[in-house]
>>> print(open('run-v2.txt').read())   # compact mmCIF, C-alpha atoms and all ligand atoms
# COMPACT_ATOMS: atom_id res chain seq x y z
CA MET A 387 19.21 23.24 -61.98
CA THR A 388 15.79 22.79 -60.45
CA ASP A 389 12.61 24.56 -61.50
CA HIS A 390 12.46 26.69 -58.41
CA ASP A 391 16.08 27.67 -57.96
CA HIS A 392 15.12 31.19 -58.81
CA ALA A 393 12.30 31.67 -56.37
CA ASP A 394 12.86 35.01 -54.77
CA VAL A 395 11.62 34.81 -51.22
CA SER A 396 11.90 38.55 -50.78
CA THR A 397 8.88 39.00 -53.06
CA ALA A 398 6.76 36.48 -51.18
CA PRO A 399 3.22 37.77 -50.58
CA THR A 400 2.48 39.27 -47.21
CA THR A 401 0.70 36.94 -44.87
CA ALA A 402 -1.38 37.68 -41.83
CA ARG A 403 1.39 36.07 -39.78
CA ASP A 404 3.86 38.66 -41.02
CA ALA A 405 1.90 41.33 -39.25
CA SER A 406 3.43 41.77 -35.86
CA ALA A 407 1.51 39.45 -33.58
CA SER A 408 0.73 42.28 -31.21
CA ARG A 409 -1.47 43.85 -33.87
CA THR A 410 -3.70 40.80 -34.23
CA PHE A 411 -6.99 40.70 -32.33
CA PRO A 412 -7.28 37.17 -30.86
CA PHE A 413 -9.70 34.78 -32.56
CA THR A 414 -11.14 33.66 -29.24
CA ALA A 415 -11.87 37.28 -28.24
CA ILE A 416 -14.45 37.65 -31.01
CA VAL A 417 -17.84 37.96 -29.35
CA ASP A 418 -20.69 35.67 -30.51
CA GLN A 419 -20.69 35.02 -34.32
CA GLU A 420 -20.39 31.31 -33.51
CA GLU A 421 -21.36 30.12 -36.99
CA MET A 422 -18.61 32.22 -38.58
CA LYS A 423 -15.95 31.04 -36.15
CA ARG A 424 -17.06 27.42 -36.48
CA ALA A 425 -16.95 27.51 -40.29
CA LEU A 426 -13.39 28.85 -40.22
CA VAL A 427 -12.23 26.33 -37.63
CA LEU A 428 -13.83 23.39 -39.50
CA ASN A 429 -11.89 24.34 -42.62
CA ALA A 430 -8.66 24.63 -40.65
CA ILE A 431 -9.21 21.06 -39.44
CA ASN A 432 -10.33 19.68 -42.79
CA PRO A 433 -9.38 21.71 -45.88
CA ALA A 434 -11.36 19.24 -48.03
CA ILE A 435 -14.54 21.03 -46.88
CA GLY A 436 -13.68 23.54 -49.59
CA GLY A 437 -13.30 26.92 -47.95
CA VAL A 438 -15.73 29.45 -46.62
CA LEU A 439 -17.41 32.64 -47.75
CA LEU A 440 -18.35 35.14 -45.03
CA ARG A 441 -21.15 37.31 -46.32
CA GLY A 442 -22.58 40.21 -44.39
CA GLU A 443 -22.82 43.85 -43.53
CA ARG A 444 -19.82 46.03 -42.84
CA GLY A 445 -18.06 45.95 -39.49
CA THR A 446 -19.19 42.50 -38.32
CA ALA A 447 -15.69 41.12 -37.64
CA LYS A 448 -15.40 39.16 -40.88
CA SER A 449 -11.91 40.27 -41.78
CA THR A 450 -10.92 40.39 -38.10
CA ALA A 451 -11.84 36.70 -37.82
CA VAL A 452 -9.94 35.64 -40.94
CA ARG A 453 -6.79 37.48 -39.89
CA ALA A 454 -7.11 36.11 -36.36
CA LEU A 455 -7.46 32.57 -37.72
CA ALA A 456 -3.77 32.60 -38.68
CA GLU A 457 -2.79 32.29 -35.03
CA VAL A 458 -4.77 29.12 -34.35
CA LEU A 459 -4.00 27.26 -37.57
CA PRO A 460 -2.26 23.91 -37.20
CA ASP A 461 1.38 23.18 -38.07
CA LEU A 462 2.43 21.53 -41.31
CA GLU A 463 5.53 19.57 -42.26
CA VAL A 464 6.99 21.08 -45.42
CA VAL A 465 10.01 20.66 -47.67
CA ALA A 466 12.02 23.57 -46.30
CA ASP A 467 13.52 24.89 -49.53
CA CYS A 468 10.44 24.47 -51.71
CA PRO A 469 8.42 27.58 -52.65
CA TYR A 470 5.23 25.47 -52.62
CA GLY A 471 5.83 23.95 -49.18
CA CYS A 472 5.40 20.41 -50.53
CA PRO A 473 4.53 17.64 -48.02
CA PRO A 474 7.79 15.69 -47.51
CA ASP A 475 6.11 12.26 -47.33
CA VAL A 476 3.45 12.46 -50.04
CA PRO A 477 5.04 12.22 -53.50
CA ALA A 478 1.63 12.46 -55.20
CA GLU A 479 1.19 15.98 -53.80
CA MET A 480 4.69 17.21 -54.59
CA CYS A 481 5.86 19.65 -57.23
CA GLY A 482 7.98 18.26 -60.09
CA SER A 483 11.22 19.31 -58.50
CA CYS A 484 10.57 17.76 -55.06
CA ARG A 485 9.33 14.57 -56.71
CA GLU A 486 12.47 14.37 -58.87
CA ARG A 487 14.64 14.80 -55.81
CA ALA A 488 12.64 12.22 -53.85
CA ASP A 489 12.77 9.74 -56.76
CA ALA A 490 16.54 10.21 -56.97
CA GLY A 491 16.75 9.21 -53.32
CA ALA A 492 17.78 12.66 -52.07
CA GLU A 493 17.03 13.52 -48.47
CA LEU A 494 14.57 16.42 -48.54
CA PRO A 495 15.09 19.11 -45.89
CA VAL A 496 12.02 19.12 -43.65
CA GLU A 497 10.67 22.00 -41.59
CA THR A 498 7.57 22.46 -39.44
CA ARG A 499 5.64 25.62 -40.22
CA SER A 500 2.28 26.94 -39.21
CA MET A 501 -0.37 27.17 -41.94
CA GLN A 502 -0.70 30.73 -43.12
CA VAL A 503 -3.34 33.14 -44.32
CA VAL A 504 -2.15 34.48 -47.67
CA ASP A 505 -3.79 37.63 -49.02
CA LEU A 506 -4.95 37.94 -52.58
CA PRO A 507 -5.36 41.72 -53.09
CA LEU A 508 -8.05 42.84 -55.52
CA ASN A 509 -5.53 44.85 -57.54
CA ALA A 510 -3.04 41.98 -57.98
CA SER A 511 -1.88 41.45 -61.55
CA GLU A 512 -2.41 38.04 -63.10
CA ASP A 513 1.37 37.46 -63.12
CA ARG A 514 1.52 38.25 -59.43
CA VAL A 515 -1.20 35.67 -58.75
CA VAL A 516 -0.14 32.78 -60.99
CA GLY A 517 3.59 33.52 -61.16
CA SER A 518 5.62 34.38 -64.22
CA ILE A 519 7.92 32.68 -66.66
CA ASP A 520 11.04 34.54 -67.73
CA LEU A 521 10.73 33.86 -71.45
CA GLU A 522 13.98 35.59 -72.40
CA ARG A 523 15.96 33.41 -70.09
CA ALA A 524 14.02 30.36 -71.21
CA VAL A 525 14.97 31.01 -74.81
CA GLN A 526 18.56 32.07 -74.18
CA ALA A 527 19.61 29.50 -71.63
CA GLY A 528 17.08 26.83 -72.50
CA GLU A 529 16.09 26.84 -68.85
CA ARG A 530 12.73 27.24 -67.29
CA GLU A 531 12.69 30.29 -65.10
CA PHE A 532 9.62 30.52 -62.97
CA GLU A 533 8.93 33.24 -60.45
CA PRO A 534 6.31 31.81 -58.05
CA GLY A 535 3.26 33.93 -57.34
CA ILE A 536 0.52 34.11 -54.73
CA LEU A 537 -0.92 30.70 -55.67
CA ALA A 538 2.46 29.14 -54.91
CA GLU A 539 2.46 30.70 -51.48
CA ALA A 540 -1.14 29.62 -50.95
CA ASN A 541 -0.43 25.92 -51.54
CA ARG A 542 -1.53 24.02 -48.38
CA ASN A 543 -2.47 27.34 -46.78
CA VAL A 544 -5.48 29.65 -46.57
CA LEU A 545 -6.00 31.99 -49.54
CA TYR A 546 -7.93 35.06 -48.41
CA VAL A 547 -9.81 37.37 -50.77
CA ASP A 548 -11.41 40.35 -49.07
CA GLU A 549 -14.32 41.80 -51.12
CA VAL A 550 -14.22 38.68 -53.26
CA ASN A 551 -17.35 39.84 -55.12
CA LEU A 552 -15.30 42.71 -56.56
CA LEU A 553 -12.52 40.49 -57.89
CA ASP A 554 -11.88 40.90 -61.63
CA ASP A 555 -13.40 38.22 -63.83
CA HIS A 556 -10.05 37.04 -65.16
CA LEU A 557 -8.76 36.45 -61.61
CA VAL A 558 -11.98 34.65 -60.72
CA ASP A 559 -11.33 32.32 -63.68
CA VAL A 560 -7.78 31.70 -62.50
CA LEU A 561 -9.04 30.86 -59.02
CA LEU A 562 -11.76 28.56 -60.32
CA ASP A 563 -9.27 26.68 -62.51
CA ALA A 564 -6.75 26.26 -59.73
CA ALA A 565 -9.43 25.25 -57.22
CA ALA A 566 -10.85 22.68 -59.63
CA MET A 567 -7.51 21.09 -60.53
CA GLY A 568 -5.57 21.60 -57.30
CA GLU A 569 -2.74 22.96 -59.41
CA ASN A 570 -1.66 26.12 -61.11
CA VAL A 571 -0.75 25.91 -64.78
CA VAL A 572 1.04 28.85 -66.39
CA GLU A 573 1.47 28.94 -70.14
CA ARG A 574 3.32 31.63 -72.08
CA GLU A 575 4.19 31.31 -75.73
CA GLY A 576 4.61 27.58 -75.78
CA VAL A 577 6.45 27.39 -72.44
CA SER A 578 4.45 25.96 -69.62
CA TYR A 579 4.93 25.45 -65.93
CA ARG A 580 2.74 23.77 -63.35
CA HIS A 581 2.81 23.38 -59.59
CA PRO A 582 0.43 22.16 -56.88
CA ALA A 583 -2.03 24.79 -55.64
CA GLU A 584 -4.32 23.25 -53.03
CA PHE A 585 -5.64 25.98 -50.80
CA ILE A 586 -8.50 26.77 -48.46
CA LEU A 587 -10.34 29.60 -50.17
CA VAL A 588 -11.71 32.14 -47.71
CA GLY A 589 -13.65 35.11 -49.01
CA THR A 590 -15.41 37.98 -47.34
CA MET A 591 -17.98 40.24 -48.95
CA ASN A 592 -20.72 42.72 -48.32
CA PRO A 593 -23.69 41.68 -50.49
CA GLU A 594 -24.81 45.31 -50.77
CA GLU A 595 -21.74 45.87 -52.96
CA GLY A 596 -22.63 43.32 -55.61
CA ASP A 597 -23.16 39.59 -56.12
CA LEU A 598 -20.71 36.82 -56.59
CA ARG A 599 -20.60 34.78 -59.81
CA PRO A 600 -22.64 31.60 -59.22
CA GLN A 601 -19.74 29.35 -60.31
CA LEU A 602 -17.56 30.92 -57.65
CA LEU A 603 -20.29 30.79 -55.00
CA ASP A 604 -20.71 27.07 -55.65
CA ARG A 605 -16.98 26.52 -55.12
CA PHE A 606 -17.15 27.61 -51.49
CA GLY A 607 -17.76 24.64 -49.24
CA LEU A 608 -19.51 26.71 -46.59
CA VAL A 609 -21.17 30.11 -46.66
CA VAL A 610 -22.06 32.05 -43.53
CA ASP A 611 -24.50 34.94 -43.62
CA ILE A 612 -23.48 37.29 -40.89
CA GLU A 613 -25.55 39.90 -39.13
CA GLY A 614 -24.41 42.41 -36.59
CA VAL A 615 -24.78 41.41 -32.95
CA SER A 616 -28.08 42.79 -31.62
CA GLU A 617 -27.95 41.71 -27.97
CA ALA A 618 -27.12 44.83 -25.94
CA ASP A 619 -24.74 43.07 -23.51
CA ASP A 620 -22.79 41.57 -26.40
CA ARG A 621 -22.55 44.92 -28.16
CA VAL A 622 -21.16 46.49 -25.00
CA GLU A 623 -18.71 43.61 -24.69
CA ILE A 624 -17.55 44.11 -28.30
CA SER A 625 -16.76 47.77 -27.83
CA GLN A 626 -15.13 47.16 -24.45
CA ARG A 627 -12.92 44.41 -25.84
CA ARG A 628 -11.94 46.53 -28.80
CA ALA A 629 -11.09 49.47 -26.54
CA ALA A 630 -9.08 47.23 -24.21
CA PHE A 631 -7.20 45.74 -27.16
CA GLU A 632 -6.36 49.14 -28.57
CA ALA A 633 -5.24 50.51 -25.19
CA ASP A 634 -2.95 47.58 -24.41
CA PRO A 635 -2.66 44.99 -27.21
CA GLU A 636 -0.15 42.82 -25.42
CA GLY A 637 -2.02 42.77 -22.12
CA PHE A 638 -5.27 42.01 -23.95
CA ARG A 639 -3.66 39.19 -25.91
CA GLU A 640 -2.25 37.81 -22.68
CA ARG A 641 -5.79 37.64 -21.25
CA PHE A 642 -6.79 35.34 -24.10
CA ALA A 643 -3.55 33.34 -24.29
CA ASP A 644 -4.99 30.24 -22.57
CA GLU A 645 -8.11 30.20 -24.74
CA GLN A 646 -5.99 30.62 -27.85
CA ARG A 647 -3.74 27.74 -26.85
CA ASP A 648 -6.76 25.53 -26.04
CA LEU A 649 -8.30 26.20 -29.44
CA ARG A 650 -5.03 25.46 -31.24
CA GLU A 651 -4.79 22.18 -29.35
CA ARG A 652 -8.41 21.28 -30.09
CA ILE A 653 -7.84 21.92 -33.81
CA ALA A 654 -4.70 19.77 -33.83
CA ALA A 655 -6.45 16.96 -31.90
CA ALA A 656 -9.45 17.11 -34.23
CA ARG A 657 -7.12 16.77 -37.24
CA ASP A 658 -5.66 13.61 -35.74
CA ARG A 659 -9.09 12.19 -34.91
CA LEU A 660 -10.84 13.04 -38.19
CA ASP A 661 -10.03 9.83 -40.07
CA THR A 662 -11.62 7.70 -37.38
CA VAL A 663 -15.00 9.47 -37.28
CA GLU A 664 -17.80 7.27 -38.60
CA VAL A 665 -21.00 8.16 -40.39
CA PRO A 666 -23.76 5.62 -39.57
CA GLU A 667 -26.03 4.46 -42.39
CA ASP A 668 -29.12 6.31 -41.10
CA VAL A 669 -27.17 9.59 -40.84
CA ALA A 670 -25.85 9.11 -44.40
CA ARG A 671 -29.51 8.68 -45.46
CA LEU A 672 -30.44 11.83 -43.60
CA ILE A 673 -27.75 13.80 -45.47
CA ALA A 674 -28.83 12.41 -48.84
CA GLY A 675 -32.52 12.94 -48.01
CA VAL A 676 -32.05 16.62 -47.14
CA ASN A 677 -30.24 17.21 -50.44
CA VAL A 678 -32.97 15.40 -52.39
CA GLU A 679 -35.73 17.29 -50.54
CA LEU A 680 -34.07 20.59 -51.43
CA ASP A 681 -33.56 19.47 -55.04
CA ILE A 682 -29.91 20.50 -54.93
CA ASP A 683 -28.01 19.98 -58.20
CA GLY A 684 -25.14 17.51 -58.26
CA HIS A 685 -23.51 15.91 -55.26
CA ARG A 686 -21.36 18.68 -53.88
CA GLY A 687 -24.05 19.44 -51.27
CA ASP A 688 -24.09 15.85 -49.94
CA ILE A 689 -20.32 15.62 -49.91
CA THR A 690 -19.76 18.95 -48.18
CA LEU A 691 -22.47 18.37 -45.57
CA ARG A 692 -20.98 14.99 -44.72
CA ARG A 693 -17.46 16.38 -44.48
CA ALA A 694 -18.54 19.31 -42.34
CA ALA A 695 -20.53 17.07 -39.98
CA ARG A 696 -17.61 14.61 -39.62
CA THR A 697 -15.24 17.47 -38.94
CA LEU A 698 -17.56 18.95 -36.32
CA ALA A 699 -17.71 15.50 -34.69
CA ALA A 700 -13.89 15.44 -34.59
CA LEU A 701 -13.81 18.94 -33.08
CA GLU A 702 -16.27 17.93 -30.37
CA GLY A 703 -14.36 14.74 -29.59
CA GLU A 704 -17.14 12.48 -30.91
CA SER A 705 -16.40 9.26 -32.78
CA THR A 706 -19.72 9.11 -34.65
CA VAL A 707 -21.75 11.68 -36.59
CA THR A 708 -25.22 12.24 -35.10
CA PRO A 709 -28.23 14.10 -36.57
CA ARG A 710 -27.55 16.92 -34.08
CA LEU A 711 -24.09 17.46 -35.60
CA VAL A 712 -25.54 17.41 -39.12
CA ARG A 713 -28.16 19.96 -38.07
CA ARG A 714 -25.50 22.38 -36.85
CA VAL A 715 -23.78 22.56 -40.23
CA THR A 716 -26.77 22.17 -42.57
CA ARG A 717 -27.38 25.87 -43.10
CA THR A 718 -23.78 26.80 -43.88
CA ALA A 719 -23.27 23.81 -46.19
CA LEU A 720 -26.53 24.04 -48.13
CA ASP A 721 -28.14 27.47 -48.04
CA HIS A 722 -26.05 28.84 -50.93
CA ARG A 723 -26.87 25.83 -53.08
CA LEU A 724 -30.65 26.27 -52.89
CA LYS A 725 -32.47 27.09 -56.07
CA ARG A 726 -34.22 30.41 -55.72
CA LEU A 727 -36.99 30.42 -58.26
CA PRO A 728 -38.26 33.88 -59.22
CA PHE A 729 -41.98 33.36 -58.51
CA GLU A 730 -41.73 30.81 -55.76
CA GLU A 731 -44.38 31.31 -53.11
CA GLU A 732 -42.52 29.77 -50.23
CA GLU A 733 -38.78 30.09 -49.68
CA THR A 734 -37.06 26.75 -49.60
CA ASP A 735 -35.42 26.39 -46.26
CA ALA A 736 -32.51 24.06 -45.50
CA MET A 737 -33.38 23.77 -41.82
CA ALA A 738 -37.04 22.95 -42.51
CA ALA A 739 -35.92 20.22 -44.94
CA PHE A 740 -33.56 18.84 -42.30
CA HIS A 741 -36.35 18.58 -39.72
CA ASP A 742 -38.79 16.99 -42.22
CA VAL A 743 -36.34 14.35 -43.36
CA ARG A 744 -35.18 13.58 -39.85
CA ALA A 745 -38.82 13.05 -38.79
CA GLU A 746 -39.52 10.86 -41.87
CA LEU A 747 -36.56 8.66 -41.01
CA GLY A 748 -37.65 8.53 -37.35
CA LEU A 749 -34.28 9.80 -36.09
CA GLU A 750 -33.60 11.42 -32.74
CA ASP A 751 -31.62 14.69 -32.68
N1 LIG B 801 -18.33 40.13 -32.70
C1 LIG B 801 -17.26 40.93 -32.57
N2 LIG B 801 -16.31 40.66 -31.65
C2 LIG B 801 -15.24 41.46 -31.53
N3 LIG B 801 -15.01 42.55 -32.30
C3 LIG B 801 -15.92 42.87 -33.23
C4 LIG B 801 -17.10 42.07 -33.41
N4 LIG B 801 -17.83 42.63 -34.40
C5 LIG B 801 -17.13 43.70 -34.84
N5 LIG B 801 -15.99 43.85 -34.13
C6 LIG B 801 -15.00 44.91 -34.30
O1 LIG B 801 -15.50 45.80 -35.28
C7 LIG B 801 -14.47 46.27 -36.13
C8 LIG B 801 -14.81 45.99 -37.58
O2 LIG B 801 -14.61 44.62 -37.88
P1 LIG B 801 -14.04 44.11 -39.27
O3 LIG B 801 -13.13 45.09 -39.87
O4 LIG B 801 -13.55 42.73 -39.07
O5 LIG B 801 -15.38 44.11 -40.12
P2 LIG B 801 -15.75 43.43 -41.49
O6 LIG B 801 -16.93 42.57 -41.20
O7 LIG B 801 -14.57 42.77 -42.09
O8 LIG B 801 -16.25 44.64 -42.34
P3 LIG B 801 -15.43 45.62 -43.29
O9 LIG B 801 -15.53 45.00 -44.63
O10 LIG B 801 -16.14 46.90 -43.17
O11 LIG B 801 -14.02 45.66 -42.74
C9 LIG B 801 -13.20 45.61 -35.66
O12 LIG B 801 -12.55 46.52 -34.84
C10 LIG B 801 -13.68 44.42 -34.86
O13 LIG B 801 -12.78 44.11 -33.82
>>> encode(input="run-v2.txt", output="structure tokens")
Amino acid sequence: MTDHDHADVSTAPTTARDASASRTFPFTAIVDQEEMKRALVLNAINPAIGGVLLRGERGTAKSTAVRALAEVLPDLEVVADCPYGCPPDVPAEMCGSCRERADAGAELPVETRSMQVVDLPLNASEDRVVGSIDLERAVQAGEREFEPGILAEANRNVLYVDEVNLLDDHLVDVLLDAAAMGENVVEREGVSYRHPAEFILVGTMNPEEGDLRPQLLDRFGLVVDIEGVSEADDRVEISQRRAAFEADPEGFRERFADEQRDLRERIAAARDRLDTVEVPEDVARLIAGVNVELDIDGHRGDITLRRAARTLAALEGESTVTPRLVRRVTRTALDHRLKRLPFEEEETDAMAAFHDVRAELGLED
């Protein structure tokens, strides 16, 4: 018997893809908010960027964008009967059961599936999130009985927490542990179970409703601060598009079908190209210099900025990262890592640091 024979697919968490497609506002129909859309797309291309937090006032299309992302996410090859959707060709990233089967020379059933947006509701119980072990059965039958939870479903997918700043502390701890280790470990009375849990964490929040714990903030690769659209023409366009969508969802979605397909194709092409994108020595120095200038703790800032810039290069069909590409992702990669000292006279500014360091190194945009 394998560890996941008892996965009950009927209790799988709801995903944005489950919602009937005709209810989803198309990603490409979102007006303006380019930084938000770019941050989501970059993570879809390269999950190693580490997720994104969308922070801003109510009604600025944050949750609309996350739900819409589901439709442009790339396809994945998965082991068809595995509750964690293990990658069929990468034993190092497999769960124990898939690895055992692969080691025994079994042919694993393979299926192509689109990446999904999996919801983590604020009121979810810990068991629902991490999964549960049926201790009675474990004792009686000497078998491990594990009921996979939301983190199982989230493996290799997007895990979405709306109002992430209101998430209970114990769930925040669970998320931080899983995000740090890339796996979910469940322990109950001496019985333990573990499975891979690599996910793109996407959170949305309204800062007026409370702050996020700094450890959790630091975990997000990118953070976008979103403001409402102020340009009158764009505001008119937003309400017209929303009205058109509500009046005739299918017709509206049809209008954006080509743009949606183009974006999906660009994301897939960027994924294929990503490994070949190069970071020249002077651009690597620029990235390091900006982090030093801003006195950012640790190296997560350097690493994320480099990954985001490489991924943007791949999205734009470039083979080399330029200072211009670094500039376009500097704010989202670094702003939330800046030290805000209480009596500081001048605000540290990621963009100002970028321009200073670029000038010092004598680099063109
Ligand atoms: N830039 C935009 N383009 C298209 N629609 C928009 C835009 N900004 C807001 N909207 C529309 O405004 C409504 C509210 O958006 P949404 O629910 O995504 O907001 P939110 O930022 O997640 O805030 P809340 O937490 O209040 O839900 C939606 O109907 C959405 O389509």
>>> residues_near_ligand(input="run-v2.txt", ligand="ligand LIG 801 (chain B)", cutoff="6 Å", atoms="only C-alpha atoms and all ligand atoms", output="count of residues only")
13
>>> closest_residue(input="run-v2.txt", among="A:Arg641, A:Arg574, A:Arg659, A:Arg424", to="A:Ser705", atoms="only C-alpha atoms")
A:Arg659
>>> axis_aligned_box(input="run-v2.txt", around="stretch 648-661 of chain A", padding_each_side="6 Å", output="JSON")
{"center_x": -7.8, "center_y": 18.0, "center_z": -33.1, "size_x": 18.1, "size_y": 28.4, "size_z": 26.0}
>>> residues_around(input="run-v2.txt", residues="stretch 541-547 of chain A", least_positions_apart="3", cutoff="7 Å", atoms="all atoms listed in the file", output="NGL selection string")
:A and (470-471 or 501-507 or 537-538 or 550 or 582-590)
>>> write_last_selection(input="run-v2.txt", atoms="C-alpha atoms", output="PDB file, in the coordinates of the input")
ATOM      1  CA  TYR A 470       5.230  25.470 -52.620  1.00  0.00           C
ATOM      2  CA  GLY A 471       5.830  23.950 -49.180  1.00  0.00           C
ATOM      3  CA  MET A 501      -0.370  27.170 -41.940  1.00  0.00           C
ATOM      4  CA  GLN A 502      -0.700  30.730 -43.120  1.00  0.00           C
ATOM      5  CA  VAL A 503      -3.340  33.140 -44.320  1.00  0.00           C
ATOM      6  CA  VAL A 504      -2.150  34.480 -47.670  1.00  0.00           C
ATOM      7  CA  ASP A 505      -3.790  37.630 -49.020  1.00  0.00           C
ATOM      8  CA  LEU A 506      -4.950  37.940 -52.580  1.00  0.00           C
ATOM      9  CA  PRO A 507      -5.360  41.720 -53.090  1.00  0.00           C
ATOM     10  CA  LEU A 537      -0.920  30.700 -55.670  1.00  0.00           C
ATOM     11  CA  ALA A 538       2.460  29.140 -54.910  1.00  0.00           C
ATOM     12  CA  VAL A 550     -14.220  38.680 -53.260  1.00  0.00           C
ATOM     13  CA  PRO A 582       0.430  22.160 -56.880  1.00  0.00           C
ATOM     14  CA  ALA A 583      -2.030  24.790 -55.640  1.00  0.00           C
ATOM     15  CA  GLU A 584      -4.320  23.250 -53.030  1.00  0.00           C
ATOM     16  CA  PHE A 585      -5.640  25.980 -50.800  1.00  0.00           C
ATOM     17  CA  ILE A 586      -8.500  26.770 -48.460  1.00  0.00           C
ATOM     18  CA  LEU A 587     -10.340  29.600 -50.170  1.00  0.00           C
ATOM     19  CA  VAL A 588     -11.710  32.140 -47.710  1.00  0.00           C
ATOM     20  CA  GLY A 589     -13.650  35.110 -49.010  1.00  0.00           C
ATOM     21  CA  THR A 590     -15.410  37.980 -47.340  1.00  0.00           C
TER      22      THR A 590
END
>>> closest_residue(input="run-v2.txt", among="A:Val516, A:Ala566, A:Pro534, A:Ala454", to="A:Cys468", atoms="only C-alpha atoms")
A:Pro534
>>> residues_around(input="run-v2.txt", residues="A:Glu667", least_positions_apart="4", cutoff="12 Å", atoms="all atoms listed in the file", output="MDAnalysis selection string")
chainID A and resid 671:674 692 706:709 747 749
>>> atom_distance(input="run-v2.txt", atom1="atom CA of A:Arg621", atom2="atom CA of A:Glu645")
20.9 Å
